[in-house]
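Heads up, the thing below is written out as structure tokens.
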Amino acid sequence: MRARRTAAATIGRHLREAGVSRREFLAFCSKLMVAAPFGLALTNVARAEDVAREVAKARRLSVVWLHFQDCTGCTESLLRTSQPDLSELILHLISLDYHETLMAAAGKDAERTLRAATVENPDPFVCVVEGSIPTRDQGVYMTLAGRPAVEVLHEVAGRAAAVIAIGSCASWGGIPSADPNPTGAVGVDALVTGKPIVNLPGCPPNPYTLLGTVLQFARFGTLPELDDERRPRFAYDRVIHDQCPRRAHFDAGRFAREFGDEGHRQGWCLYHLGCKGPDTHAPCSVMHFNEVVNAWPIGTGAPCIGCTERKVAFRVPMFQTVPIHDATPPDTYAPVEAPHGRRNLVAAGLAGVAGGWLLGAGYVASRAFKTTPGDQGVPTIPPPPTKKDGEA
Amino acid sequence: MRGVTRREMFGLAAAAGAGIVAGSPGTSAGANPPAAPREPVAMLYDTTRCTGCKACMPACAEANGLEPDTAMSGGIWQMPLDLNAQTKNVIKLWQSDDGSEWSFVKRQCMHCLDPACVSGCPFGALEKSPLDGVVGWEPSLCIGCRYCEVACPFDIPKFEWNKFNPKIVKCQFCDHRLADGLQPACTAACPVEAVIFGSRDALLADAHARIDAAPGKYFAERVYGEHDAGGTQVLYLSHVPFEDIGLPTLSTVSNPEYARKWPRRMYKWLWGPLAIYGLVAGVVQRRWQKHEREAHRLERETGLREQL
Amino acid sequence: MINYWQRGVPVWQVRYLTVSFAGLSVVAVVGLALAALRMVSPLGPFSGMSDMYAWGVWKTFNVMTLTAFGSAGFSVGIATWVLGHQRLHAVMRTAILVSLLFYGTGLLALGVDVGRVWNFYNILFPWRWNTDSAMFEVALCMPLYAFLFLAFENVPYVLERIWATGGPVARRRIRAVEPFLRRIYPFMIAGAYVLPAMHQSSLGALLSLAGAKVHPLWQTPWLPVLYLIQAVVCGFAATIFALMTACLYWKRPIDVSILSELADLLSKTIFLWLGLRLADVAWRHELGAAVALDSYSVIFLAENVGLLVPALVFRSRRLRETPRVLYNMTTLAGLASLLYRFAPTTLAFRPGGPHDVYFPSVPELLIMCGWIALAIVGFSLAVKTFAILPAPIEAWDRLIAVARADHPEWRLDVHGNPTDD
């Protein structure tokens with residue numbers, strides 16, 4: 001009962017009733033703008049105040065958060081804010097109607113809460129899925145109240161207005177799907193059809209990507225533009241390498257070669273330590289985690305492992321370098337007079353030998369000619385051989 | 001003395017006919033130097049504005065579908081040493097020996113008003129557009145003789161030496177983008193308008209305005225490409241000597257203008273060869289008749305047939 | 001002085017496969033195999049060519065330079081048929097054979113050198129011809145000359161052999177076609193003198209378009225004319241050299257009076273060329289560069305001195321008739337002539353910057369030598385099969401006597417003519 005009423009109210013009213021400070025709210029909105037400067041209608045405005053106004057008008061969206069084969073890291077990244085009030089704010093922006101880690105209910109109460117949030121909920125809700133879904137052996141590897149995850153997913157997602165797969169596990173299988181994938185772990189879009197699905201891969205992904213998507217959906221009912229892996233373009237349309245703060249070191253050829261060496265200490269590029277930045281689409285280089293500057297792998301000196309990419313993460317060895325596609329120039333320059341062609345000593349030697357031999361032969365031949373004028377060197381032309389001597 | 005026989009008439013007529021076809025101007029313009037394009041486009045590059053950011057290089061590679069040349073960098077940087085079969089546009093740096101003077105320079109095809117490559121290409125694979133003057137390459141007409149590489153005074157056309165189906169690679173002003181009403185990729189990518197795109201007349205006026213506005217700033221107070229090599233459609237303003245940044249000192253007479261003057265005169269309607277042929281044939285014919293008589297006489301006397 | 005060169009007589013030898021023949025054949029086969037391989041692989045790995053020196057040795061040496069050797073037929077032909085030196089008829093066949101071989105291998109080299117040879121069919125469409133282009137002129141004129149006019153010039157000795165050894169049917173066919181051939185012969189050989197004039201000068205014109213990239217000691221508006229006259233010079237030198245070497249190798253007497261006449265023509269042509277060249281260099285104020293003693297100047301002096309010395313020596317009739325002097329001076333003139341034709345294409349060609357170098361790679365050199373070896377092997381085979389190399393009449397008579405004894409089925413009379421005529 002209570003859940004339904006709060007879900008129908010606008011976020012603005014809810015924030016006022018909850019006594020959330022406007023400053024905190026605006027700070028949050030600015031962070032949202034940083035996370036999604038382009039590609040999200042909600043933040044495609046000039047000032048944080050404009051975002052705040054739109055968010056305030058939105059209805060507080062009901063969110064049903066399912067956990068499957070997960071580590072709960074995505075939830076942690078959402079709520080382990082470095083300012084405690086911020087996590088409170090987040091919980092005011094959305095109505096988290098079902099969340100196994102955070103809700104008070106347990107056991108039969110939890111089952112009742114799920115029914116209330118889904119079957120008995122007349123209002124539209126968004127289903128957020130965290131963790132991969134096992135498919136092998138009838139999916140026995142993850143059950144909820146005795147029912148396999150696949151069944152729960154189909155039931156809840158079937159009633160949701162949209163499904164958001166948060167984290168690499170829910171997007172494409174994540175760690176559980178690494179070779180040999182004993183549980184047959186797959187992502188949400190391998191199982192659910194006929195519903196709008198947004199993948200937010202990452203291990204964990206940046207929580208502002210989730211919040212921007214959900215708030216846009218709450219306000220306008222639309223999802224951001226997605227790429228062909230169903231990832232929002234505003235966050236996943238670029239590779240780490242193209243936005244990396246250490247790119248200048250890459251372009252200058254300053255690489256850390258070993259952990260702890262001088263280059264590593266100086267914060268140089270981690271490409272030769274196996275950084276997967278060039279192959280990884282993610283917003284991490286722009287939007288760090290936990291509201292702490294440099295709280296992201298490369299920022300701490302650890303090469304990116306490509307956790308958003310199904311072809312890279314948990315497949316390509318961590319310290320193996322990746323090829324650079326669409327290479328760009330370094331910070332050195334071509335000389336005005338560049339060398340072309342190559343000297344070839346072997347050929348020169350051979351040519352010299354051949355030329356010398358020819359000149360020598362010519363000299364020998366010339367010696368055969370006489371030096372008296374008019375001498376025609378009249379040799380007796382030997383008679384032509386007849387058939388008896390052999391063919392001419 | 002025999003007159004010309006019917007057979008000989010046919011032969012001469014055929015030769016003349018072939019000559020008329022061959023002597024008529026084929027893919028080249030009739031004038032020397034050729035008429036200017038109707039609406040020539042141009043690029044103006046100012047070394048005093050270029051910051052050496054090289055944004056134009058990957059922009060060019062992407063717009064033209066070229067794989068960046070990463071050979072020298074072990075695969076991680078687009079690092080060509082010069083224009084080559086994978087690089088249509090390159091930024092170079094010149095520094096004086098003591099390092100006190102320096103300049104960036106952008107090199108690509110100059111799109112000359114009277115291109116040597118067009119003049120030399122046997123089947124017209126390289127052609128200058130009569131509308132905007134862009135010099136383009138047509139694969140179906142190219143035999144890969146590389147005469148364009150030898151002829152170009154700027155050493156621009158590059159050959160795909162390592163491909164089995166080798167192309168000639170050079171800047172073509174992004175003519176596929178021009179057709180869509182866009183600028184070339186390099187001028188669109190330049191963040192400081194060091195290289196800009198426009199009509200040749202407008203850019204020449206702009207260049208001269210810049211020279212007038214800042215006396216002493218630009219080398220020799222002139223625009224390179226205004227008249228050099230007969231005029232080019234890529235213009236340069238430089239604060240250092242043009243030779244230093246690799247732009248050769250050339251006369252205002254283009255290579256083709258110099259090279260085709262006499263051949264054109266000699267070969268017009270093939271009059272030269274036909275006249276010489278007529279002369280030679282006449283002399284040979286007379287000697288032939290005498291030779292035939294001698295040969296027959298010798299054969300009667302000695303029984304030996306002549307050896308032609 | 002007796003004229004020993006009275007008639008072309010096939011060369012006879014007991015052994016076909018000598019060491020030199022085997023060696024040359026090996027070089028030719030290796031070159032051909034590599035050339036075939038090159039047709040199915042990119043040009044880059046095969047050669048030392050780069051974008052700055054886009055023409056390697058095949059175009060510049062086998063075509064632009066060695067076709068000067070191939071102008072033997074052109075120069076001797078003009079001397080004989082136009083200028084009226086009747087005695088040179090005896091060496092015509094040798095000259096046109098040398099021409100055919102060097103043009104043939106030169107054109108093959110050109111076919112192997114171009115990178116997109118499949119588009120050459122465009123030559124069949126006149127509206128695609130760029131008549132301003134010297135390269136086009138060479139591409140049209142050289143094959144036309146080699147495969148039509150030069151080939152025609154070489155047909156008589158082939159027909160002669162078939163006539164002697166072919167049997168009645170062949171002889172009837174030859175008799176039928178002979179009047180037509182005789183009718184068109186003067187017009188064909190007139191074409192055979194006009195076309196080489198056109199493309200040998202166009203070979204020089206190729207470099208006119210390179211403008212300042214060719215060193216000023218060579219780059220001149222007179223380049224086509226100088227190339228043409230050098231073709232004549234080299235043609236005479238090639239004829240003398242080929243005749244003397246062949247007679248030495250196959251033990252035939254040499255005819256110093258004919259050789260002296262050729263040497264005299266050679267010398268006069270060289271003076272004509274030298275006069276033009278030096279006048280041109282002086283007119284363009286480049287005499288300073290000529291004596292600057294840098295590498296360009298050394299090449300320039302080598303060319304000119306290498307031509308001047310033989311030309312002066314050959315002014316003396318006595319020296320012209322001395323075999324060793326003939327041989328050595330001709331070789332010197334020939335080498336200097338080749339040097340002149342080769343220099344502006346590669347040695348005096350200065351593209352781009354000071355760091356550009358070119359040297360042919362090993363496969364490139366092997367192919368180049370392969371073509372030359374092929375030409376020499378072709379020469380050897382041809383002079384043994386056909387009556388090309390000149391010899392005294394006695395040699396002919398002796399050969400016919402043996403032929404009649406060994407091959408009665410040929411039905412030859414004492415002079416070598418078929419009796420069922």
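FYI, nothing fancy with the structure tokens labels: chains A, B, ... in order, residues from 1 per chain, ligands from 1 as they appear.
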
- [ ] Pull out every residue of chain A that has at least one atom within 10 Å of chain B, counting only C-alpha atoms, and report them as JSON, numbers by chain.
- [x] {"A": [250, 251, 253, 271, 322, 323, 324, 325, 326, 327, 328, 329, 330, 331, 332, 333, 334, 335, 336, 337, 338, 339, 340]}

Selection from above, C-alpha atoms, as a PDB file, in the first residue's frame, can you write it?
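Saved result, again25.pdb, follows:
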```pdb
ATOM      1  CA  PHE A 250      50.772   7.254 -24.635  1.00  0.00           C
ATOM      2  CA  ASP A 251      51.201   9.748 -27.450  1.00  0.00           C
ATOM      3  CA  GLY A 253      55.774   7.127 -25.737  1.00  0.00           C
ATOM      4  CA  TYR A 271      49.486   0.164 -22.351  1.00  0.00           C
ATOM      5  CA  VAL A 322      45.689  -5.229 -27.360  1.00  0.00           C
ATOM      6  CA  PRO A 323      46.027  -3.885 -30.924  1.00  0.00           C
ATOM      7  CA  ILE A 324      45.274  -0.228 -31.535  1.00  0.00           C
ATOM      8  CA  HIS A 325      42.518   0.391 -34.077  1.00  0.00           C
ATOM      9  CA  ASP A 326      42.419   3.697 -35.936  1.00  0.00           C
ATOM     10  CA  ALA A 327      45.843   4.704 -34.697  1.00  0.00           C
ATOM     11  CA  THR A 328      46.503   8.395 -34.248  1.00  0.00           C
ATOM     12  CA  PRO A 329      49.840  10.155 -34.531  1.00  0.00           C
ATOM     13  CA  PRO A 330      52.293  10.405 -31.615  1.00  0.00           C
ATOM     14  CA  ASP A 331      53.638  13.713 -30.437  1.00  0.00           C
ATOM     15  CA  THR A 332      56.704  13.474 -32.669  1.00  0.00           C
ATOM     16  CA  TYR A 333      56.860  14.739 -36.239  1.00  0.00           C
ATOM     17  CA  ALA A 334      57.993  13.462 -39.584  1.00  0.00           C
ATOM     18  CA  PRO A 335      61.080  15.241 -40.884  1.00  0.00           C
ATOM     19  CA  VAL A 336      60.750  17.488 -43.899  1.00  0.00           C
ATOM     20  CA  GLU A 337      63.282  15.339 -45.740  1.00  0.00           C
ATOM     21  CA  ALA A 338      62.427  11.724 -45.090  1.00  0.00           C
ATOM     22  CA  PRO A 339      64.674   8.979 -46.458  1.00  0.00           C
ATOM     23  CA  HIS A 340      63.354   6.654 -49.140  1.00  0.00           C
TER      24      HIS A 340
END
```

Taking only C-alpha atoms into account, produce a table as a Markdown table in which each residue of chain A with an atom at most 12 Å from an atom of chain C appears once, together with its shortest atom pair and the distance in Å to one decimal, ordered by chain and rising number.
```
| residue | atom | partner | partner_atom | distance |
| --- | --- | --- | --- | --- |
| A:Pro335 | CA | C:Gly353 | CA | 10.6 |
| A:Val336 | CA | C:Gly353 | CA | 8.5 |
| A:Glu337 | CA | C:Gly353 | CA | 5.3 |
| A:Ala338 | CA | C:His355 | CA | 6.8 |
| A:Pro339 | CA | C:His355 | CA | 4.7 |
| A:His340 | CA | C:Asp356 | CA | 4.7 |
| A:Gly341 | CA | C:Val357 | CA | 5.2 |
| A:Arg342 | CA | C:Val357 | CA | 6.1 |
| A:Arg343 | CA | C:Phe359 | CA | 5.9 |
| A:Asn344 | CA | C:Phe359 | CA | 6.2 |
| A:Leu345 | CA | C:Phe359 | CA | 8.9 |
| A:Val346 | CA | C:Val362 | CA | 7.3 |
| A:Ala347 | CA | C:Val362 | CA | 5.0 |
| A:Ala348 | CA | C:Phe359 | CA | 7.4 |
| A:Gly349 | CA | C:Val362 | CA | 9.8 |
| A:Leu350 | CA | C:Val362 | CA | 7.9 |
| A:Ala351 | CA | C:Leu365 | CA | 7.7 |
| A:Gly352 | CA | C:Leu365 | CA | 11.5 |
| A:Ala354 | CA | C:Cys369 | CA | 9.7 |
| A:Gly355 | CA | C:Cys369 | CA | 11.0 |
| A:Leu358 | CA | C:Thr331 | CA | 11.6 |
| A:Leu359 | CA | C:Thr331 | CA | 10.0 |
| A:Ala361 | CA | C:Thr245 | CA | 11.0 |
| A:Gly362 | CA | C:Thr331 | CA | 8.6 |
| A:Tyr363 | CA | C:Asn328 | CA | 8.4 |
| A:Val364 | CA | C:Arg324 | CA | 11.0 |
| A:Ala365 | CA | C:Thr245 | CA | 7.7 |
| A:Ser366 | CA | C:Arg324 | CA | 5.8 |
| A:Arg367 | CA | C:Arg324 | CA | 7.1 |
| A:Ala368 | CA | C:Leu248 | CA | 7.8 |
| A:Phe369 | CA | C:Arg324 | CA | 4.9 |
| A:Lys370 | CA | C:Arg324 | CA | 5.7 |
| A:Thr371 | CA | C:Arg324 | CA | 5.5 |
| A:Thr372 | CA | C:Thr322 | CA | 5.6 |
| A:Pro373 | CA | C:Thr322 | CA | 3.9 |
| A:Gly374 | CA | C:Glu321 | CA | 5.2 |
| A:Asp375 | CA | C:Thr322 | CA | 6.8 |
| A:Gln376 | CA | C:Ile254 | CA | 5.1 |
| A:Gly377 | CA | C:Pro253 | CA | 5.7 |
| A:Val378 | CA | C:Pro253 | CA | 4.9 |
| A:Pro379 | CA | C:Pro253 | CA | 6.2 |
| A:Thr380 | CA | C:Arg252 | CA | 8.0 |
| A:Ile381 | CA | C:Arg252 | CA | 6.3 |
| A:Pro382 | CA | C:Lys251 | CA | 8.4 |
| A:Pro383 | CA | C:Arg398 | CA | 7.3 |
| A:Pro384 | CA | C:Trp12 | CA | 6.0 |
| A:Pro385 | CA | C:Val14 | CA | 6.6 |
| A:Thr386 | CA | C:Val402 | CA | 6.1 |
| A:Lys387 | CA | C:Asp406 | CA | 6.1 |
| A:Lys388 | CA | C:Asp406 | CA | 8.9 |
| A:Asp389 | CA | C:Val14 | CA | 7.9 |
| A:Gly390 | CA | C:Val14 | CA | 7.1 |
| A:Glu391 | CA | C:Val14 | CA | 7.3 |
| A:Ala392 | CA | C:Trp12 | CA | 5.5 |
```

Open item on the list: What are the residues of chain B lining chain C at 7 Å or less? Count only C-alpha atoms, and put the answer as a ChimeraX atom specification.
Closed with: /B:22-23,25-28,116,119-124,140-146,149-153,155,158-159,161-166,255-256,259-260,273,276-277,280-281,283-285,287-288,303-304,308
